[in-house]
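*Asks:* Here's a structure for you.
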Amino acid sequence: MSTGLDDPPLPRHLQLEITSACNLRCMMCLVRYRPPVNKLAGAMRPELFHRLVAEVPGLRRLTLQGLGEPLLSPYLPEMIRTAVERHITVGFNTNATLLTARRAAELVESRVDWVHVSLDGAHATAYEAIRDGADFATVVRNLAGLVAAKREAGSATPWIRVVFVAMRDTIGELPDLVRLLADLGVDELHVQNLSHSFSDTDPAGGYEGIRRFTADQALWTGADDDRARHAFAAATEAARERGLKVRLPALGVPEAGPGPDRRGCSWPWEAAYVTSAGVVQPCCMVMGDDRVSLGNLTEQTFPEIWRGPAYRDFRRRLAGDDPPEVCRGCSLYHRTF
């Protein structure tokens, strides 16, 4: 917990974008709307990673993901090993297209704590329309292989969670996905809404494409409440019957503010997000280091940035009546994520 509103202790959780490169062009991801990034050029350098771990001595959790696909980083095994040796809980999210049987066995052996797999449909047509460049059968086979590798090793880790982004075009897939995942033997299904409306961006600027897609697909508009509630109810019943743990997001139009405590999230007090280039941002929900930067690790240490004026001002505004523009369209801020 913090020692004060403006001056909390160094965070116990860091989320690091270990690569900004990706092999897919997913409809709801900023990667689709930006030029491709080479996997070596987009990788966070090991020197920066090790420096960050050293500069945050109380670190207890590391999330190794950002806009890119973590399995593209040549340094992922080294980063996992460093965290495990320091008794830091560690994991990442993957699209699983590169999760071969060999990689699955290596991940189980590495003792990584969790692996989250993005899977936004129970059938190829729906899934491949969203995850542009992916093959549904390959992803399902790779996910099953990870479950099998974990069982064969008799290991309690990694915790295997599937992440489903609920949208107007995918929500009907949810009950069948529950049944598929239960049959595969994954540990959990986590359903979430789209992360941001991008309302702080120029409607005709560089975020126009993803802003338009979000406006068309977001469930928080309330236009699809009946259909979404029906899908959620069917998924909940299927999960109860099959014994699968499921987390569902809130539905409905978000309120104007985050609630009576005036603090929609705890990220700037408890955690931080760092891009592969060393830009420090308040959280992973932002997408795009041109939208907000609280400091750059090429110019300052992490503790200097964490305790600096930009972070202090951001915390004050987020806790008050005039939140930063970048937070106002965030579904986590509105508690609908």
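Identifiers in this document derive from the order of the structure tokens: chains are assigned A, B, ..., residues are numbered from 1 separately in each chain, and ligands are numbered from 1 in order of occurrence.
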Sorted by chain and rising residue number, list the residues of region 250-330 of chain A at most 12 Å from region 42-66 of chain A (counting only C-alpha atoms), each with its closest atom pair and distance in Å to one decimal, as JSON lines.
*Replies:*
```
{"residue": "A:Glu270", "atom": "CA", "partner": "A:Leu59", "partner_atom": "CA", "distance": 10.6}
{"residue": "A:Ala271", "atom": "CA", "partner": "A:Arg61", "partner_atom": "CA", "distance": 9.4}
{"residue": "A:Ala272", "atom": "CA", "partner": "A:Leu62", "partner_atom": "CA", "distance": 10.3}
{"residue": "A:Tyr273", "atom": "CA", "partner": "A:Gly66", "partner_atom": "CA", "distance": 8.5}
{"residue": "A:Val274", "atom": "CA", "partner": "A:Gly66", "partner_atom": "CA", "distance": 8.6}
{"residue": "A:Thr275", "atom": "CA", "partner": "A:Gly66", "partner_atom": "CA", "distance": 7.2}
{"residue": "A:Ser276", "atom": "CA", "partner": "A:Met44", "partner_atom": "CA", "distance": 4.3}
{"residue": "A:Ala277", "atom": "CA", "partner": "A:Met44", "partner_atom": "CA", "distance": 6.5}
{"residue": "A:Gly278", "atom": "CA", "partner": "A:Leu48", "partner_atom": "CA", "distance": 7.6}
{"residue": "A:Val279", "atom": "CA", "partner": "A:Met44", "partner_atom": "CA", "distance": 11.0}
{"residue": "A:Val280", "atom": "CA", "partner": "A:Leu52", "partner_atom": "CA", "distance": 11.2}
{"residue": "A:Gln281", "atom": "CA", "partner": "A:Gly66", "partner_atom": "CA", "distance": 11.6}
{"residue": "A:Cys283", "atom": "CA", "partner": "A:Gly66", "partner_atom": "CA", "distance": 10.3}
{"residue": "A:Cys284", "atom": "CA", "partner": "A:Gly66", "partner_atom": "CA", "distance": 7.1}
{"residue": "A:Met285", "atom": "CA", "partner": "A:Gly66", "partner_atom": "CA", "distance": 9.7}
{"residue": "A:Val286", "atom": "CA", "partner": "A:Gly66", "partner_atom": "CA", "distance": 10.5}
{"residue": "A:Met287", "atom": "CA", "partner": "A:Gly66", "partner_atom": "CA", "distance": 8.5}
{"residue": "A:Gly288", "atom": "CA", "partner": "A:Gly66", "partner_atom": "CA", "distance": 10.3}
{"residue": "A:Asp289", "atom": "CA", "partner": "A:Gly66", "partner_atom": "CA", "distance": 11.4}
{"residue": "A:Asn296", "atom": "CA", "partner": "A:Leu48", "partner_atom": "CA", "distance": 11.6}
{"residue": "A:Leu297", "atom": "CA", "partner": "A:Leu48", "partner_atom": "CA", "distance": 8.3}
{"residue": "A:Thr298", "atom": "CA", "partner": "A:Leu48", "partner_atom": "CA", "distance": 9.2}
{"residue": "A:Gln300", "atom": "CA", "partner": "A:Glu55", "partner_atom": "CA", "distance": 11.3}
{"residue": "A:Thr301", "atom": "CA", "partner": "A:Glu55", "partner_atom": "CA", "distance": 7.6}
{"residue": "A:Phe302", "atom": "CA", "partner": "A:Glu55", "partner_atom": "CA", "distance": 6.6}
{"residue": "A:Pro303", "atom": "CA", "partner": "A:Glu55", "partner_atom": "CA", "distance": 7.0}
{"residue": "A:Glu304", "atom": "CA", "partner": "A:Glu55", "partner_atom": "CA", "distance": 10.1}
{"residue": "A:Ile305", "atom": "CA", "partner": "A:Glu55", "partner_atom": "CA", "distance": 11.4}
{"residue": "A:Trp306", "atom": "CA", "partner": "A:Val56", "partner_atom": "CA", "distance": 10.4}
```
*Asks:* Would you kindly return, as a PDB file with all heavy atoms, in the first residue's frame, each protein, DNA or RNA residue with an atom no farther than 7 Å from any atom of region 158-173 of chain A, considering only C-alpha atoms and excluding same-chain residues fewer than 2 positions away?
*Replies:*
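Below you can see selection_35.pdb, which holds the result:
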```pdb
ATOM      1  N   VAL A 108       6.750 -25.099 -19.555  1.00  0.00           N
ATOM      2  CA  VAL A 108       6.445 -25.855 -18.337  1.00  0.00           C
ATOM      3  C   VAL A 108       7.722 -26.053 -17.519  1.00  0.00           C
ATOM      4  O   VAL A 108       7.736 -25.858 -16.293  1.00  0.00           O
ATOM      5  CB  VAL A 108       5.793 -27.206 -18.678  1.00  0.00           C
ATOM      6  CG1 VAL A 108       5.642 -28.061 -17.410  1.00  0.00           C
ATOM      7  CG2 VAL A 108       4.431 -26.990 -19.333  1.00  0.00           C
ATOM      8  N   ARG A 111       9.109 -23.107 -15.330  1.00  0.00           N
ATOM      9  CA  ARG A 111       8.371 -22.767 -14.110  1.00  0.00           C
ATOM     10  C   ARG A 111       7.717 -21.385 -14.183  1.00  0.00           C
ATOM     11  O   ARG A 111       7.490 -20.736 -13.157  1.00  0.00           O
ATOM     12  CB  ARG A 111       9.244 -22.889 -12.866  1.00  0.00           C
ATOM     13  CG  ARG A 111       9.664 -24.321 -12.563  1.00  0.00           C
ATOM     14  CD  ARG A 111      10.387 -24.420 -11.234  1.00  0.00           C
ATOM     15  NE  ARG A 111      11.709 -23.819 -11.305  1.00  0.00           N
ATOM     16  CZ  ARG A 111      12.361 -23.305 -10.268  1.00  0.00           C
ATOM     17  NH1 ARG A 111      11.798 -23.301  -9.074  1.00  0.00           N
ATOM     18  NH2 ARG A 111      13.560 -22.790 -10.407  1.00  0.00           N
ATOM     19  N   VAL A 112       7.425 -20.933 -15.393  1.00  0.00           N
ATOM     20  CA  VAL A 112       6.645 -19.715 -15.544  1.00  0.00           C
ATOM     21  C   VAL A 112       5.314 -19.918 -14.825  1.00  0.00           C
ATOM     22  O   VAL A 112       4.728 -20.997 -14.855  1.00  0.00           O
ATOM     23  CB  VAL A 112       6.443 -19.379 -17.045  1.00  0.00           C
ATOM     24  CG1 VAL A 112       5.547 -20.404 -17.732  1.00  0.00           C
ATOM     25  CG2 VAL A 112       5.892 -17.979 -17.216  1.00  0.00           C
ATOM     26  N   ASP A 113       4.822 -18.892 -14.146  1.00  0.00           N
ATOM     27  CA  ASP A 113       3.645 -19.051 -13.285  1.00  0.00           C
ATOM     28  C   ASP A 113       2.334 -19.099 -14.042  1.00  0.00           C
ATOM     29  O   ASP A 113       1.420 -19.814 -13.640  1.00  0.00           O
ATOM     30  CB  ASP A 113       3.609 -17.909 -12.255  1.00  0.00           C
ATOM     31  CG  ASP A 113       4.718 -18.034 -11.244  1.00  0.00           C
ATOM     32  OD1 ASP A 113       4.592 -18.866 -10.331  1.00  0.00           O
ATOM     33  OD2 ASP A 113       5.736 -17.323 -11.378  1.00  0.00           O
ATOM     34  N   TRP A 114       2.228 -18.307 -15.099  1.00  0.00           N
ATOM     35  CA  TRP A 114       0.978 -18.341 -15.859  1.00  0.00           C
ATOM     36  C   TRP A 114       1.244 -18.067 -17.331  1.00  0.00           C
ATOM     37  O   TRP A 114       2.198 -17.373 -17.703  1.00  0.00           O
ATOM     38  CB  TRP A 114      -0.048 -17.345 -15.309  1.00  0.00           C
ATOM     39  CG  TRP A 114       0.161 -15.907 -15.695  1.00  0.00           C
ATOM     40  CD1 TRP A 114      -0.348 -15.260 -16.791  1.00  0.00           C
ATOM     41  CD2 TRP A 114       0.937 -14.920 -14.989  1.00  0.00           C
ATOM     42  NE1 TRP A 114       0.060 -13.947 -16.811  1.00  0.00           N
ATOM     43  CE2 TRP A 114       0.845 -13.715 -15.717  1.00  0.00           C
ATOM     44  CE3 TRP A 114       1.678 -14.940 -13.818  1.00  0.00           C
ATOM     45  CZ2 TRP A 114       1.481 -12.545 -15.315  1.00  0.00           C
ATOM     46  CZ3 TRP A 114       2.324 -13.783 -13.408  1.00  0.00           C
ATOM     47  CH2 TRP A 114       2.221 -12.606 -14.141  1.00  0.00           C
ATOM     48  N   VAL A 115       0.374 -18.636 -18.166  1.00  0.00           N
ATOM     49  CA  VAL A 115       0.353 -18.349 -19.592  1.00  0.00           C
ATOM     50  C   VAL A 115      -1.101 -18.114 -19.969  1.00  0.00           C
ATOM     51  O   VAL A 115      -1.951 -18.984 -19.766  1.00  0.00           O
ATOM     52  CB  VAL A 115       0.939 -19.504 -20.433  1.00  0.00           C
ATOM     53  CG1 VAL A 115       0.750 -19.213 -21.918  1.00  0.00           C
ATOM     54  CG2 VAL A 115       2.409 -19.714 -20.114  1.00  0.00           C
ATOM     55  N   HIS A 116      -1.390 -16.934 -20.486  1.00  0.00           N
ATOM     56  CA  HIS A 116      -2.735 -16.589 -20.933  1.00  0.00           C
ATOM     57  C   HIS A 116      -2.777 -16.650 -22.452  1.00  0.00           C
ATOM     58  O   HIS A 116      -1.890 -16.107 -23.119  1.00  0.00           O
ATOM     59  CB  HIS A 116      -3.123 -15.190 -20.460  1.00  0.00           C
ATOM     60  CG  HIS A 116      -3.170 -15.045 -18.978  1.00  0.00           C
ATOM     61  ND1 HIS A 116      -3.297 -13.825 -18.342  1.00  0.00           N
ATOM     62  CD2 HIS A 116      -3.113 -15.982 -17.986  1.00  0.00           C
ATOM     63  CE1 HIS A 116      -3.311 -14.012 -17.032  1.00  0.00           C
ATOM     64  NE2 HIS A 116      -3.201 -15.306 -16.803  1.00  0.00           N
ATOM     65  N   VAL A 117      -3.778 -17.295 -22.989  1.00  0.00           N
ATOM     66  CA  VAL A 117      -3.908 -17.477 -24.437  1.00  0.00           C
ATOM     67  C   VAL A 117      -5.130 -16.724 -24.942  1.00  0.00           C
ATOM     68  O   VAL A 117      -6.242 -16.905 -24.424  1.00  0.00           O
ATOM     69  CB  VAL A 117      -4.020 -18.971 -24.795  1.00  0.00           C
ATOM     70  CG1 VAL A 117      -4.315 -19.150 -26.284  1.00  0.00           C
ATOM     71  CG2 VAL A 117      -2.731 -19.706 -24.426  1.00  0.00           C
ATOM     72  N   SER A 118      -4.933 -15.877 -25.951  1.00  0.00           N
ATOM     73  CA  SER A 118      -6.042 -15.143 -26.550  1.00  0.00           C
ATOM     74  C   SER A 118      -6.800 -16.039 -27.508  1.00  0.00           C
ATOM     75  O   SER A 118      -6.217 -16.586 -28.448  1.00  0.00           O
ATOM     76  CB  SER A 118      -5.512 -13.915 -27.303  1.00  0.00           C
ATOM     77  OG  SER A 118      -4.870 -13.018 -26.433  1.00  0.00           O
ATOM     78  N   LEU A 119      -8.092 -16.180 -27.265  1.00  0.00           N
ATOM     79  CA  LEU A 119      -8.940 -17.012 -28.131  1.00  0.00           C
ATOM     80  C   LEU A 119     -10.336 -16.409 -28.132  1.00  0.00           C
ATOM     81  O   LEU A 119     -11.075 -16.534 -27.160  1.00  0.00           O
ATOM     82  CB  LEU A 119      -8.958 -18.465 -27.630  1.00  0.00           C
ATOM     83  CG  LEU A 119      -9.618 -19.505 -28.537  1.00  0.00           C
ATOM     84  CD1 LEU A 119      -8.978 -19.517 -29.922  1.00  0.00           C
ATOM     85  CD2 LEU A 119      -9.535 -20.889 -27.900  1.00  0.00           C
ATOM     86  N   ASP A 120     -10.693 -15.750 -29.225  1.00  0.00           N
ATOM     87  CA  ASP A 120     -11.918 -14.954 -29.268  1.00  0.00           C
ATOM     88  C   ASP A 120     -13.046 -15.611 -30.043  1.00  0.00           C
ATOM     89  O   ASP A 120     -13.919 -14.929 -30.576  1.00  0.00           O
ATOM     90  CB  ASP A 120     -11.610 -13.579 -29.883  1.00  0.00           C
ATOM     91  CG  ASP A 120     -10.462 -12.895 -29.171  1.00  0.00           C
ATOM     92  OD1 ASP A 120     -10.587 -12.600 -27.982  1.00  0.00           O
ATOM     93  OD2 ASP A 120      -9.414 -12.692 -29.810  1.00  0.00           O
ATOM     94  N   GLY A 121     -13.023 -16.931 -30.108  1.00  0.00           N
ATOM     95  CA  GLY A 121     -14.105 -17.623 -30.784  1.00  0.00           C
ATOM     96  C   GLY A 121     -14.004 -19.119 -30.592  1.00  0.00           C
ATOM     97  O   GLY A 121     -12.940 -19.641 -30.252  1.00  0.00           O
ATOM     98  N   ALA A 122     -15.103 -19.791 -30.811  1.00  0.00           N
ATOM     99  CA  ALA A 122     -15.142 -21.250 -30.690  1.00  0.00           C
ATOM    100  C   ALA A 122     -15.131 -21.919 -32.055  1.00  0.00           C
ATOM    101  O   ALA A 122     -15.136 -23.149 -32.143  1.00  0.00           O
ATOM    102  CB  ALA A 122     -16.393 -21.675 -29.920  1.00  0.00           C
ATOM    103  N   ALA A 126     -15.381 -17.102 -36.998  1.00  0.00           N
ATOM    104  CA  ALA A 126     -15.458 -15.958 -36.091  1.00  0.00           C
ATOM    105  C   ALA A 126     -14.077 -15.562 -35.569  1.00  0.00           C
ATOM    106  O   ALA A 126     -13.728 -14.381 -35.549  1.00  0.00           O
ATOM    107  CB  ALA A 126     -16.385 -16.288 -34.924  1.00  0.00           C
ATOM    108  N   ALA A 156       2.205 -28.031 -11.464  1.00  0.00           N
ATOM    109  CA  ALA A 156       1.083 -27.167 -11.087  1.00  0.00           C
ATOM    110  C   ALA A 156       1.075 -25.883 -11.912  1.00  0.00           C
ATOM    111  O   ALA A 156       0.087 -25.145 -11.922  1.00  0.00           O
ATOM    112  CB  ALA A 156       1.171 -26.822  -9.603  1.00  0.00           C
ATOM    113  N   PRO A 175     -20.727 -19.381 -25.264  1.00  0.00           N
ATOM    114  CA  PRO A 175     -21.132 -20.682 -24.682  1.00  0.00           C
ATOM    115  C   PRO A 175     -20.381 -21.871 -25.294  1.00  0.00           C
ATOM    116  O   PRO A 175     -19.938 -22.769 -24.563  1.00  0.00           O
ATOM    117  CB  PRO A 175     -22.627 -20.743 -24.987  1.00  0.00           C
ATOM    118  CG  PRO A 175     -23.050 -19.308 -25.095  1.00  0.00           C
ATOM    119  CD  PRO A 175     -21.897 -18.620 -25.761  1.00  0.00           C
ATOM    120  N   ASP A 176     -20.227 -21.863 -26.629  1.00  0.00           N
ATOM    121  CA  ASP A 176     -19.487 -22.954 -27.268  1.00  0.00           C
ATOM    122  C   ASP A 176     -18.013 -22.936 -26.864  1.00  0.00           C
ATOM    123  O   ASP A 176     -17.381 -23.994 -26.745  1.00  0.00           O
ATOM    124  CB  ASP A 176     -19.597 -22.867 -28.789  1.00  0.00           C
ATOM    125  CG  ASP A 176     -20.925 -23.384 -29.322  1.00  0.00           C
ATOM    126  OD1 ASP A 176     -21.679 -24.001 -28.532  1.00  0.00           O
ATOM    127  OD2 ASP A 176     -21.216 -23.168 -30.513  1.00  0.00           O
ATOM    128  N   LEU A 177     -17.456 -21.752 -26.662  1.00  0.00           N
ATOM    129  CA  LEU A 177     -16.060 -21.666 -26.237  1.00  0.00           C
ATOM    130  C   LEU A 177     -15.882 -22.268 -24.852  1.00  0.00           C
ATOM    131  O   LEU A 177     -14.885 -22.957 -24.591  1.00  0.00           O
ATOM    132  CB  LEU A 177     -15.588 -20.209 -26.239  1.00  0.00           C
ATOM    133  CG  LEU A 177     -14.122 -20.000 -25.853  1.00  0.00           C
ATOM    134  CD1 LEU A 177     -13.193 -20.692 -26.847  1.00  0.00           C
ATOM    135  CD2 LEU A 177     -13.790 -18.513 -25.760  1.00  0.00           C
ATOM    136  N   VAL A 186      -8.312 -26.508 -19.880  1.00  0.00           N
ATOM    137  CA  VAL A 186      -7.663 -25.283 -19.405  1.00  0.00           C
ATOM    138  C   VAL A 186      -8.171 -24.952 -18.007  1.00  0.00           C
ATOM    139  O   VAL A 186      -9.201 -25.466 -17.552  1.00  0.00           O
ATOM    140  CB  VAL A 186      -7.901 -24.102 -20.369  1.00  0.00           C
ATOM    141  CG1 VAL A 186      -7.466 -24.437 -21.779  1.00  0.00           C
ATOM    142  CG2 VAL A 186      -9.366 -23.672 -20.359  1.00  0.00           C
ATOM    143  N   ASP A 187      -7.474 -24.068 -17.322  1.00  0.00           N
ATOM    144  CA  ASP A 187      -7.812 -23.765 -15.933  1.00  0.00           C
ATOM    145  C   ASP A 187      -8.903 -22.716 -15.784  1.00  0.00           C
ATOM    146  O   ASP A 187      -9.663 -22.751 -14.813  1.00  0.00           O
ATOM    147  CB  ASP A 187      -6.555 -23.267 -15.192  1.00  0.00           C
ATOM    148  CG  ASP A 187      -5.492 -24.342 -15.098  1.00  0.00           C
ATOM    149  OD1 ASP A 187      -5.819 -25.451 -14.649  1.00  0.00           O
ATOM    150  OD2 ASP A 187      -4.339 -24.079 -15.484  1.00  0.00           O
ATOM    151  N   GLU A 188      -8.982 -21.780 -16.741  1.00  0.00           N
ATOM    152  CA  GLU A 188      -9.887 -20.646 -16.534  1.00  0.00           C
ATOM    153  C   GLU A 188     -10.177 -19.943 -17.855  1.00  0.00           C
ATOM    154  O   GLU A 188      -9.352 -19.931 -18.767  1.00  0.00           O
ATOM    155  CB  GLU A 188      -9.228 -19.655 -15.563  1.00  0.00           C
ATOM    156  CG  GLU A 188     -10.033 -18.407 -15.254  1.00  0.00           C
ATOM    157  CD  GLU A 188      -9.281 -17.417 -14.374  1.00  0.00           C
ATOM    158  OE1 GLU A 188      -8.088 -17.657 -14.080  1.00  0.00           O
ATOM    159  OE2 GLU A 188      -9.876 -16.400 -13.993  1.00  0.00           O
ATOM    160  N   LEU A 189     -11.350 -19.338 -17.936  1.00  0.00           N
ATOM    161  CA  LEU A 189     -11.706 -18.450 -19.038  1.00  0.00           C
ATOM    162  C   LEU A 189     -11.972 -17.061 -18.469  1.00  0.00           C
ATOM    163  O   LEU A 189     -12.787 -16.895 -17.568  1.00  0.00           O
ATOM    164  CB  LEU A 189     -12.956 -18.956 -19.768  1.00  0.00           C
ATOM    165  CG  LEU A 189     -13.591 -17.997 -20.793  1.00  0.00           C
ATOM    166  CD1 LEU A 189     -12.616 -17.670 -21.915  1.00  0.00           C
ATOM    167  CD2 LEU A 189     -14.890 -18.575 -21.345  1.00  0.00           C
ATOM    168  N   HIS A 190     -11.279 -16.085 -19.014  1.00  0.00           N
ATOM    169  CA  HIS A 190     -11.408 -14.699 -18.567  1.00  0.00           C
ATOM    170  C   HIS A 190     -12.001 -13.890 -19.706  1.00  0.00           C
ATOM    171  O   HIS A 190     -11.372 -13.727 -20.752  1.00  0.00           O
ATOM    172  CB  HIS A 190     -10.029 -14.156 -18.178  1.00  0.00           C
ATOM    173  CG  HIS A 190     -10.046 -12.762 -17.638  1.00  0.00           C
ATOM    174  ND1 HIS A 190      -9.958 -12.485 -16.291  1.00  0.00           N
ATOM    175  CD2 HIS A 190     -10.115 -11.554 -18.255  1.00  0.00           C
ATOM    176  CE1 HIS A 190      -9.973 -11.182 -16.105  1.00  0.00           C
ATOM    177  NE2 HIS A 190     -10.072 -10.598 -17.285  1.00  0.00           N
ATOM    178  N   VAL A 191     -13.213 -13.403 -19.520  1.00  0.00           N
ATOM    179  CA  VAL A 191     -13.893 -12.608 -20.544  1.00  0.00           C
ATOM    180  C   VAL A 191     -13.749 -11.135 -20.182  1.00  0.00           C
ATOM    181  O   VAL A 191     -13.999 -10.746 -19.036  1.00  0.00           O
ATOM    182  CB  VAL A 191     -15.383 -12.986 -20.634  1.00  0.00           C
ATOM    183  CG1 VAL A 191     -16.077 -12.180 -21.734  1.00  0.00           C
ATOM    184  CG2 VAL A 191     -15.535 -14.482 -20.899  1.00  0.00           C
ATOM    185  N   GLN A 192     -13.348 -10.328 -21.152  1.00  0.00           N
ATOM    186  CA  GLN A 192     -13.173  -8.902 -20.886  1.00  0.00           C
ATOM    187  C   GLN A 192     -13.749  -8.074 -22.023  1.00  0.00           C
ATOM    188  O   GLN A 192     -13.906  -8.553 -23.153  1.00  0.00           O
ATOM    189  CB  GLN A 192     -11.692  -8.562 -20.720  1.00  0.00           C
ATOM    190  CG  GLN A 192     -10.852  -8.814 -21.972  1.00  0.00           C
ATOM    191  CD  GLN A 192      -9.369  -8.639 -21.732  1.00  0.00           C
ATOM    192  OE1 GLN A 192      -8.817  -9.158 -20.759  1.00  0.00           O
ATOM    193  NE2 GLN A 192      -8.714  -7.917 -22.630  1.00  0.00           N
ATOM    194  N   ASN A 193     -14.080  -6.838 -21.724  1.00  0.00           N
ATOM    195  CA  ASN A 193     -14.531  -5.907 -22.750  1.00  0.00           C
ATOM    196  C   ASN A 193     -13.335  -5.311 -23.468  1.00  0.00           C
ATOM    197  O   ASN A 193     -12.187  -5.477 -23.044  1.00  0.00           O
ATOM    198  CB  ASN A 193     -15.349  -4.785 -22.110  1.00  0.00           C
ATOM    199  CG  ASN A 193     -16.809  -5.141 -21.923  1.00  0.00           C
ATOM    200  OD1 ASN A 193     -17.449  -5.647 -22.844  1.00  0.00           O
ATOM    201  ND2 ASN A 193     -17.339  -4.896 -20.735  1.00  0.00           N
ATOM    202  N   LEU A 194     -13.587  -4.608 -24.559  1.00  0.00           N
ATOM    203  CA  LEU A 194     -12.546  -3.820 -25.191  1.00  0.00           C
ATOM    204  C   LEU A 194     -11.995  -2.831 -24.179  1.00  0.00           C
ATOM    205  O   LEU A 194     -12.715  -2.364 -23.285  1.00  0.00           O
ATOM    206  CB  LEU A 194     -13.099  -3.083 -26.411  1.00  0.00           C
ATOM    207  CG  LEU A 194     -13.424  -3.975 -27.616  1.00  0.00           C
ATOM    208  CD1 LEU A 194     -14.278  -3.228 -28.622  1.00  0.00           C
ATOM    209  CD2 LEU A 194     -12.141  -4.482 -28.276  1.00  0.00           C
ATOM    210  N   GLN A 217     -17.867  -2.085 -32.232  1.00  0.00           N
ATOM    211  CA  GLN A 217     -17.867  -3.405 -31.620  1.00  0.00           C
ATOM    212  C   GLN A 217     -18.045  -3.434 -30.100  1.00  0.00           C
ATOM    213  O   GLN A 217     -18.332  -4.485 -29.531  1.00  0.00           O
ATOM    214  CB  GLN A 217     -16.555  -4.122 -31.965  1.00  0.00           C
ATOM    215  CG  GLN A 217     -16.453  -4.540 -33.418  1.00  0.00           C
ATOM    216  CD  GLN A 217     -17.478  -5.602 -33.763  1.00  0.00           C
ATOM    217  OE1 GLN A 217     -17.748  -6.508 -32.991  1.00  0.00           O
ATOM    218  NE2 GLN A 217     -18.061  -5.496 -34.954  1.00  0.00           N
ATOM    219  N   ALA A 218     -17.855  -2.320 -29.424  1.00  0.00           N
ATOM    220  CA  ALA A 218     -17.889  -2.313 -27.954  1.00  0.00           C
ATOM    221  C   ALA A 218     -19.267  -2.678 -27.406  1.00  0.00           C
ATOM    222  O   ALA A 218     -20.298  -2.213 -27.912  1.00  0.00           O
ATOM    223  CB  ALA A 218     -17.469  -0.947 -27.426  1.00  0.00           C
ATOM    224  N   LEU A 219     -19.284  -3.499 -26.369  1.00  0.00           N
ATOM    225  CA  LEU A 219     -20.537  -3.870 -25.713  1.00  0.00           C
ATOM    226  C   LEU A 219     -21.023  -2.800 -24.754  1.00  0.00           C
ATOM    227  O   LEU A 219     -22.191  -2.793 -24.373  1.00  0.00           O
ATOM    228  CB  LEU A 219     -20.352  -5.186 -24.952  1.00  0.00           C
ATOM    229  CG  LEU A 219     -20.101  -6.442 -25.782  1.00  0.00           C
ATOM    230  CD1 LEU A 219     -19.980  -7.654 -24.865  1.00  0.00           C
ATOM    231  CD2 LEU A 219     -21.204  -6.665 -26.812  1.00  0.00           C
ATOM    232  N   ALA A 228     -25.985  -9.992 -25.136  1.00  0.00           N
ATOM    233  CA  ALA A 228     -24.814 -10.268 -24.305  1.00  0.00           C
ATOM    234  C   ALA A 228     -25.209 -10.975 -23.014  1.00  0.00           C
ATOM    235  O   ALA A 228     -24.551 -11.932 -22.593  1.00  0.00           O
ATOM    236  CB  ALA A 228     -24.079  -8.965 -23.992  1.00  0.00           C
ATOM    237  N   ALA A 231     -25.915 -14.560 -23.754  1.00  0.00           N
ATOM    238  CA  ALA A 231     -24.671 -15.313 -23.963  1.00  0.00           C
ATOM    239  C   ALA A 231     -23.944 -15.546 -22.644  1.00  0.00           C
ATOM    240  O   ALA A 231     -23.420 -16.643 -22.404  1.00  0.00           O
ATOM    241  CB  ALA A 231     -23.769 -14.569 -24.943  1.00  0.00           C
TER     242      ALA A 231
END
```
*Asks:* I'd like the contact shell of Ser266 (chain A) - 10 Å cut-off, only C-alpha atoms, skipping same-chain residues fewer than 2 positions apart - returned as a PyMOL selection string.
*Replies:* chain A and resi 263-264+268-271+282-283+315+318-319+332-333
*Asks:* To test your reading of the structure, identify every residue in region 58-244 of chain A that backbone DSSP assigns to strand (DSSP E), and report it as an MDAnalysis selection string.
*Replies:* chainID A and resid 61:63 89:94 114:118 159:165 188:192
*Asks:* According to DSSP computed on the backbone, where in region 44-156 of chain A is there alpha helix (DSSP H)? Give the residues as a VMD selection string.
*Replies:* chain A and resid 46 to 55 76 to 85 101 to 110 124 to 130 136 to 153
